[in-house]
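Asker: Data: start_5.json, JSON, C-alpha atoms and all ligand atoms.
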[["chain", "number", "residue", "atom", "x", "y", "z"],
["A", 1, "MET", "CA", 0.00, 0.00, 0.00],
["A", 2, "THR", "CA", 1.33, 3.47, -0.89],
["A", 3, "PRO", "CA", 1.58, 6.01, 1.98],
["A", 4, "PRO", "CA", -1.22, 8.66, 2.16],
["A", 5, "ALA", "CA", 1.37, 11.33, 1.42],
["A", 6, "ILE", "CA", 1.37, 10.11, -2.17],
["A", 7, "GLU", "CA", -0.98, 11.36, -4.89],
["A", 8, "ARG", "CA", 0.24, 9.07, -7.66],
["A", 9, "ILE", "CA", 3.24, 7.06, -8.70],
["A", 10, "LEU", "CA", 5.06, 8.62, -11.66],
["A", 11, "PHE", "CA", 7.64, 5.88, -12.21],
["A", 12, "THR", "CA", 7.57, 2.44, -10.62],
["A", 13, "GLU", "CA", 10.62, 0.79, -9.09],
["A", 14, "GLU", "CA", 10.90, -1.44, -12.17],
["A", 15, "GLN", "CA", 10.77, 1.57, -14.51],
["A", 16, "VAL", "CA", 13.38, 3.43, -12.45],
["A", 17, "ASP", "CA", 15.74, 0.44, -12.34],
["A", 18, "ALA", "CA", 15.39, -0.22, -16.07],
["A", 19, "ARG", "CA", 15.96, 3.42, -17.00],
["A", 20, "ILE", "CA", 19.01, 3.71, -14.74],
["A", 21, "ARG", "CA", 20.50, 0.67, -16.48],
["A", 22, "GLU", "CA", 19.88, 2.28, -19.89],
["A", 23, "VAL", "CA", 21.55, 5.52, -18.86],
["A", 24, "ALA", "CA", 24.44, 3.59, -17.28],
["A", 25, "ALA", "CA", 24.99, 1.87, -20.63],
["A", 26, "GLU", "CA", 25.10, 5.29, -22.37],
["A", 27, "ILE", "CA", 27.61, 6.58, -19.83],
["A", 28, "SER", "CA", 29.76, 3.42, -20.05],
["A", 29, "ALA", "CA", 29.90, 3.82, -23.83],
["A", 30, "ARG", "CA", 30.75, 7.53, -23.63],
["A", 31, "TYR", "CA", 33.61, 7.01, -21.15],
["A", 32, "GLU", "CA", 34.92, 3.69, -22.47],
["A", 33, "GLY", "CA", 38.64, 3.21, -21.80],
["A", 34, "ARG", "CA", 38.71, 5.89, -19.08],
["A", 35, "ASP", "CA", 38.21, 5.98, -15.33],
["A", 36, "LEU", "CA", 35.24, 8.03, -14.17],
["A", 37, "LYS", "CA", 34.86, 10.08, -10.98],
["A", 38, "LEU", "CA", 31.24, 10.30, -9.83],
["A", 39, "VAL", "CA", 30.58, 13.33, -7.61],
["A", 40, "ALA", "CA", 27.25, 13.14, -5.80],
["A", 41, "VAL", "CA", 25.45, 15.75, -3.76],
["A", 42, "LEU", "CA", 24.36, 14.61, -0.31],
["A", 43, "LYS", "CA", 21.82, 13.45, 0.54],
["A", 44, "GLY", "CA", 19.35, 13.25, -2.33],
["A", 45, "ALA", "CA", 21.68, 11.86, -4.99],
["A", 46, "VAL", "CA", 23.03, 8.98, -2.90],
["A", 47, "PHE", "CA", 20.41, 6.39, -3.86],
["A", 48, "PHE", "CA", 20.76, 7.22, -7.56],
["A", 49, "LEU", "CA", 24.55, 7.20, -7.31],
["A", 50, "CYS", "CA", 24.58, 3.67, -5.86],
["A", 51, "ALA", "CA", 22.19, 2.23, -8.46],
["A", 52, "LEU", "CA", 24.00, 3.96, -11.32],
["A", 53, "ALA", "CA", 27.51, 3.05, -10.15],
["A", 54, "ARG", "CA", 26.59, -0.64, -9.88],
["A", 55, "ALA", "CA", 25.36, -0.65, -13.46],
["A", 56, "LEU", "CA", 28.43, 1.07, -14.97],
["A", 57, "THR", "CA", 31.06, -1.02, -16.71],
["A", 58, "VAL", "CA", 33.88, 1.59, -16.63],
["A", 59, "PRO", "CA", 36.13, 1.87, -13.53],
["A", 60, "VAL", "CA", 34.50, 4.28, -11.09],
["A", 61, "LYS", "CA", 35.61, 6.41, -8.16],
["A", 62, "ILE", "CA", 33.10, 8.23, -5.97],
["A", 63, "ASP", "CA", 33.22, 11.37, -3.85],
["A", 64, "PHE", "CA", 30.60, 13.50, -2.09],
["A", 65, "LEU", "CA", 29.70, 17.13, -1.60],
["A", 66, "ALA", "CA", 27.12, 18.59, 0.76],
["A", 67, "ILE", "CA", 25.52, 21.96, 0.24],
["A", 68, "SER", "CA", 23.40, 24.24, 2.34],
["A", 69, "SER", "CA", 21.02, 26.89, 1.09],
["A", 70, "PHE", "CA", 20.84, 30.46, 2.24],
["A", 71, "GLY", "CA", 18.92, 33.51, 1.03],
["A", 72, "GLY", "CA", 15.51, 31.82, 1.16],
["A", 73, "HIS", "CA", 14.27, 30.62, -2.24],
["A", 74, "SER", "CA", 16.82, 32.61, -4.24],
["A", 75, "GLY", "CA", 18.81, 29.46, -4.97],
["A", 76, "GLN", "CA", 21.92, 30.70, -3.20],
["A", 77, "VAL", "CA", 23.94, 27.76, -1.88],
["A", 78, "ARG", "CA", 27.34, 27.16, -0.36],
["A", 79, "ILE", "CA", 29.44, 24.04, 0.04],
["A", 80, "ALA", "CA", 28.95, 22.66, 3.56],
["A", 81, "LYS", "CA", 31.13, 19.58, 3.00],
["A", 82, "ASP", "CA", 33.69, 19.60, 0.24],
["A", 83, "LEU", "CA", 35.09, 16.68, -1.79],
["A", 84, "ASP", "CA", 37.66, 14.53, -0.01],
["A", 85, "HIS", "CA", 40.01, 14.46, -3.01],
["A", 86, "PRO", "CA", 41.11, 16.75, -5.85],
["A", 87, "ILE", "CA", 39.58, 16.20, -9.30],
["A", 88, "GLU", "CA", 42.41, 17.68, -11.40],
["A", 89, "ASP", "CA", 42.81, 15.86, -14.75],
["A", 90, "GLU", "CA", 39.92, 13.50, -13.96],
["A", 91, "ASP", "CA", 36.78, 12.81, -15.97],
["A", 92, "VAL", "CA", 34.08, 14.00, -13.56],
["A", 93, "LEU", "CA", 30.35, 13.40, -13.71],
["A", 94, "LEU", "CA", 28.20, 15.40, -11.30],
["A", 95, "ILE", "CA", 25.36, 13.16, -10.11],
["A", 96, "GLU", "CA", 22.15, 15.01, -9.21],
["A", 97, "ASP", "CA", 18.79, 13.85, -7.87],
["A", 98, "ILE", "CA", 16.92, 16.57, -9.73],
["A", 99, "VAL", "CA", 17.80, 19.60, -11.82],
["A", 100, "ASP", "CA", 14.95, 21.99, -11.13],
["A", 101, "THR", "CA", 15.74, 25.71, -11.42],
["A", 102, "GLY", "CA", 19.31, 24.70, -12.26],
["A", 103, "LEU", "CA", 20.72, 27.20, -9.76],
["A", 104, "THR", "CA", 22.33, 24.52, -7.56],
["A", 105, "THR", "CA", 23.82, 22.74, -10.54],
["A", 106, "ARG", "CA", 25.20, 25.99, -11.96],
["A", 107, "TYR", "CA", 26.88, 26.80, -8.67],
["A", 108, "LEU", "CA", 28.36, 23.31, -8.36],
["A", 109, "LEU", "CA", 29.58, 23.27, -11.96],
["A", 110, "GLN", "CA", 31.34, 26.59, -11.42],
["A", 111, "SER", "CA", 33.02, 25.28, -8.28],
["A", 112, "LEU", "CA", 34.09, 22.00, -9.91],
["A", 113, "ALA", "CA", 35.25, 23.59, -13.17],
["A", 114, "GLY", "CA", 37.66, 25.78, -11.18],
["A", 115, "ARG", "CA", 39.51, 22.64, -10.05],
["A", 116, "SER", "CA", 40.75, 21.74, -13.57],
["A", 117, "PRO", "CA", 39.03, 18.41, -14.22],
["A", 118, "ARG", "CA", 39.84, 16.77, -17.56],
["A", 119, "SER", "CA", 36.11, 16.81, -18.35],
["A", 120, "LEU", "CA", 32.97, 17.72, -16.44],
["A", 121, "GLY", "CA", 29.46, 16.44, -17.15],
["A", 122, "VAL", "CA", 26.06, 16.33, -15.45],
["A", 123, "CYS", "CA", 23.88, 13.26, -14.93],
["A", 124, "THR", "CA", 20.51, 13.64, -13.23],
["A", 125, "LEU", "CA", 17.82, 11.20, -12.21],
["A", 126, "LEU", "CA", 15.08, 13.79, -12.78],
["A", 127, "ASP", "CA", 14.88, 16.88, -14.95],
["A", 128, "ARG", "CA", 12.10, 19.43, -14.41],
["A", 129, "SER", "CA", 13.14, 21.70, -17.24],
["A", 130, "VAL", "CA", 9.89, 23.74, -17.20],
["A", 131, "ARG", "CA", 11.18, 25.45, -14.04],
["A", 132, "ARG", "CA", 14.67, 26.20, -15.33],
["A", 133, "ILE", "CA", 16.16, 29.59, -14.43],
["A", 134, "ALA", "CA", 19.85, 28.82, -15.02],
["A", 135, "GLN", "CA", 20.54, 27.13, -18.36],
["A", 136, "VAL", "CA", 22.88, 24.31, -17.37],
["A", 137, "PRO", "CA", 24.11, 21.47, -19.62],
["A", 138, "VAL", "CA", 22.48, 18.13, -18.71],
["A", 139, "ASP", "CA", 24.47, 15.37, -20.40],
["A", 140, "PHE", "CA", 22.48, 12.39, -19.10],
["A", 141, "ARG", "CA", 18.94, 12.33, -17.68],
["A", 142, "CYS", "CA", 16.76, 9.42, -16.67],
["A", 143, "PHE", "CA", 13.36, 11.14, -16.63],
["A", 144, "GLU", "CA", 11.78, 14.47, -17.53],
["A", 145, "ILE", "CA", 9.03, 15.27, -14.99],
["A", 146, "PRO", "CA", 6.05, 17.66, -14.80],
["A", 147, "ASP", "CA", 5.89, 20.69, -12.51],
["A", 148, "ARG", "CA", 4.88, 18.82, -9.36],
["A", 149, "PHE", "CA", 6.80, 18.15, -6.13],
["A", 150, "VAL", "CA", 8.07, 14.57, -6.12],
["A", 151, "ILE", "CA", 9.45, 12.18, -3.54],
["A", 152, "GLY", "CA", 11.27, 8.85, -3.54],
["A", 153, "CYS", "CA", 14.56, 7.51, -4.95],
["A", 154, "GLY", "CA", 16.48, 9.92, -2.72],
["A", 155, "LEU", "CA", 14.10, 12.87, -2.94],
["A", 156, "ASP", "CA", 12.56, 13.94, 0.34],
["A", 157, "TYR", "CA", 9.73, 15.91, 1.86],
["A", 158, "LYS", "CA", 10.88, 17.13, 5.29],
["A", 159, "GLN", "CA", 13.64, 14.47, 5.18],
["A", 160, "LEU", "CA", 11.09, 11.65, 4.74],
["A", 161, "TYR", "CA", 10.46, 9.27, 1.82],
["A", 162, "ARG", "CA", 14.01, 9.18, 0.40],
["A", 163, "ASN", "CA", 13.97, 5.38, 0.70],
["A", 164, "LEU", "CA", 10.96, 4.79, -1.55],
["A", 165, "GLY", "CA", 12.04, 2.74, -4.57],
["A", 166, "TYR", "CA", 9.63, 4.61, -6.89],
["A", 167, "ILE", "CA", 9.12, 8.27, -7.81],
["A", 168, "ALA", "CA", 5.79, 9.71, -6.67],
["A", 169, "VAL", "CA", 3.92, 13.01, -6.69],
["A", 170, "LEU", "CA", 3.33, 14.28, -3.17],
["A", 171, "ASN", "CA", -0.32, 14.65, -2.19],
["A", 172, "PRO", "CA", -0.88, 18.38, -1.54],
["A", 173, "ASP", "CA", -4.04, 17.67, 0.54],
["A", 174, "LYS", "CA", -2.08, 15.61, 3.06],
["A", 175, "ASN", "CA", 0.87, 18.03, 3.08],
["A", 176, "ARG", "CA", -0.74, 21.42, 3.26],
["A", 177, "GLU", "CA", 2.37, 23.61, 3.11],
["A", 178, "VAL", "CA", 3.56, 22.21, -0.23],
["B", 201, "LIG", "P1", 17.49, 23.53, -8.08],
["B", 201, "LIG", "O1", 16.22, 24.34, -8.07],
["B", 201, "LIG", "O2", 17.73, 22.97, -9.47],
["B", 201, "LIG", "O3", 18.64, 24.35, -7.58],
["B", 201, "LIG", "O4", 17.26, 22.28, -7.11],
["B", 201, "LIG", "C1", 17.65, 22.34, -5.77],
["B", 201, "LIG", "C2", 17.33, 21.12, -4.97],
["B", 201, "LIG", "O5", 15.98, 21.20, -4.55],
["B", 201, "LIG", "C3", 17.45, 19.75, -5.62],
["B", 201, "LIG", "O6", 18.75, 19.23, -5.66],
["B", 201, "LIG", "C4", 16.57, 18.92, -4.67],
["B", 201, "LIG", "O7", 17.32, 18.50, -3.54],
["B", 201, "LIG", "C5", 15.52, 19.92, -4.24],
["B", 201, "LIG", "N1", 14.27, 19.68, -4.97],
["B", 201, "LIG", "C6", 13.83, 20.33, -6.08],
["B", 201, "LIG", "N2", 12.64, 19.82, -6.48],
["B", 201, "LIG", "C7", 12.32, 18.82, -5.61],
["B", 201, "LIG", "C8", 11.21, 17.89, -5.51],
["B", 201, "LIG", "O8", 10.26, 17.86, -6.32],
["B", 201, "LIG", "N3", 11.26, 17.00, -4.47],
["B", 201, "LIG", "C9", 12.27, 16.98, -3.56],
["B", 201, "LIG", "N4", 13.34, 17.82, -3.63],
["B", 201, "LIG", "C10", 13.36, 18.74, -4.65]]
Would you write the structure of this file as structure tokens?
Answerer:
Amino acid sequence: MTPPAIERILFTEEQVDARIREVAAEISARYEGRDLKLVAVLKGAVFFLCALARALTVPVKIDFLAISSFGGHSGQVRIAKDLDHPIEDEDVLLIEDIVDTGLTTRYLLQSLAGRSPRSLGVCTLLDRSVRRIAQVPVDFRCFEIPDRFVIGCGLDYKQLYRNLGYIAVLNPDKNREV
């Protein structure tokens, strides 16, 4: 039974798993013969990172960043936990849970680009391009989604629901402030 917080399921666990494997095959082909550094943003991208990394056939390293927001809804963020290792001369793929306004991704790309990686790409589980403010390059995306707040597969509402295996639209009647 789905929790009452859910209005409808957008993508089932089977659909998510299958699509992640397809995108992993695209990435493996693109980076064939090279090592790949996956950089994921805590905490939302962790579930996607694990599923994706297991399906890749190129050698993979992983590292994590954490960010915190300030300035209300203006999209201003700062790095609260930085990478453990340098990325100089590495092929880096930034792993995102969702690219929404694109403001977070733009900030992170600027920060990572300044560290002289050999290449820098973006891979996101979800893309809500209708809300884009900052035009950022998205190299790999699993799903385009409508303009609704979603949960599951790492995405939270008040820190809950990250562990759902599917992607669902939150029920606004049960979660009045959304
Ligand atoms: P941005 O607007 O592209 O900067 O996205 C910022 C962050 O907001 C994302 O990385 C997510 O953590 C969070 N976020 C955006 N939309 C949703 C959603 O529908 N559900 C849960 N988190 C979201």
Asker: Neighbouring residues of Ile27 of chain A were defined as those with any atom within 10 Å, considering all atoms listed in the file; residues of the same chain fewer than 5 positions away were excluded. Please report them as a VMD selection string.
Answerer: chain A and resid 21 to 22 32 36 52 55 to 58 93 123 139 to 140
Asker: One decimal, in Å: what's the spacing between atom CA of Leu155 of chain A and atom CA of Phe70 of chain A?
Answerer: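 Pair atom CA of Leu155 of chain A / atom CA of Phe70 of chain A returns 19.5 Å.
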Asker: Neighbouring residues of ligand LIG 201 (chain B) are defined here as those with any atom at most 6 Å from a ligand atom, counting all atoms listed in the file; list them as a ChimeraX atom specification.
Answerer: /A:44,75,97-104,149-151,155-156
Asker: Can you tell me which residues surround Tyr166 of chain A at a distance of at most 10 Å, considering only C-alpha atoms, apart from same-chain residues fewer than 6 positions away, and format the answer as a PDB file with C-alpha atoms, in the frame of the given file?
Answerer:
ATOM      1  CA  ILE A   9       3.240   7.060  -8.700  1.00  0.00           C
ATOM      2  CA  LEU A  10       5.060   8.620 -11.660  1.00  0.00           C
ATOM      3  CA  PHE A  11       7.640   5.880 -12.210  1.00  0.00           C
ATOM      4  CA  THR A  12       7.570   2.440 -10.620  1.00  0.00           C
ATOM      5  CA  GLU A  13      10.620   0.790  -9.090  1.00  0.00           C
ATOM      6  CA  GLU A  14      10.900  -1.440 -12.170  1.00  0.00           C
ATOM      7  CA  GLN A  15      10.770   1.570 -14.510  1.00  0.00           C
ATOM      8  CA  VAL A  16      13.380   3.430 -12.450  1.00  0.00           C
ATOM      9  CA  ASP A  17      15.740   0.440 -12.340  1.00  0.00           C
ATOM     10  CA  ILE A 151       9.450  12.180  -3.540  1.00  0.00           C
ATOM     11  CA  GLY A 152      11.270   8.850  -3.540  1.00  0.00           C
ATOM     12  CA  CYS A 153      14.560   7.510  -4.950  1.00  0.00           C
ATOM     13  CA  GLY A 154      16.480   9.920  -2.720  1.00  0.00           C
TER      14      GLY A 154
END
Asker: One decimal, in Å: what's the spacing between atom CA of Ser119 of chain A and atom CA of Val60 of chain A?
Answerer: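 Straight-line distance from atom CA of Ser119 of chain A to atom CA of Val60 of chain A works out to 14.6 Å.
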Asker: State, in Å with one decimal place, the distance from atom CA of Asp89 of chain A to atom CA of Leu109 of chain A.
Answerer: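 Separation of atom CA of Asp89 of chain A and atom CA of Leu109 of chain A: 15.4 Å.
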Asker: Give me the residues within 8 Å of Phe64 of chain A as a list of chain:residue names, counting all atoms listed in the file and dropping any in the same chain fewer than 2 places off.
Answerer: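 Answer for this query is A:Val39, A:Ala40, A:Val41, A:Leu42, A:Ile62, A:Ala66, A:Lys81, A:Asp82, A:Leu83, A:Asp84.
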Asker: Considering only C-alpha atoms, state which residue in the set A:Asp35, A:Glu90, A:Glu96, A:Glu144 is at the smallest distance from Arg118 of chain A.
Answerer: A:Glu90
Asker: Residues proximal to (1.3, 10.4, -3.1) were defined as those with any atom within 9 Å of that point in the file's coordinates, counting only C-alpha atoms. Which are they, as a list in words?
Answerer: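 Returned residue set, sorted by chain then number, is Thr2, Pro3, Pro4, Ala5, Ile6, Glu7, Arg8, Ile9, Val150, Ile151, Ala168, Val169, Leu170, Asn171, Pro172 and Lys174 of chain A.
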Asker: Of the residues A:His85, A:Gly114, A:Ile67, A:Gly121, which is the one nearest to Arg30 of chain A, using only C-alpha atoms?
Answerer: A:Gly121
Asker: Nearest to Ala80 of chain A among A:Leu108, A:Ile145, A:Ile133, A:Ile95, with distances taken over all atoms listed in the file: which residue is it?
Answerer: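 Of the candidates, the smallest distance to Ala80 of chain A is held by A:Leu108.
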Asker: Which one of A:Ile79, A:Val136, A:Ala113, A:Ile20 sits closest to Phe47 of chain A if you count all atoms listed in the file?
Answerer: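 Under the stated criterion, the closest residue is A:Ile20.
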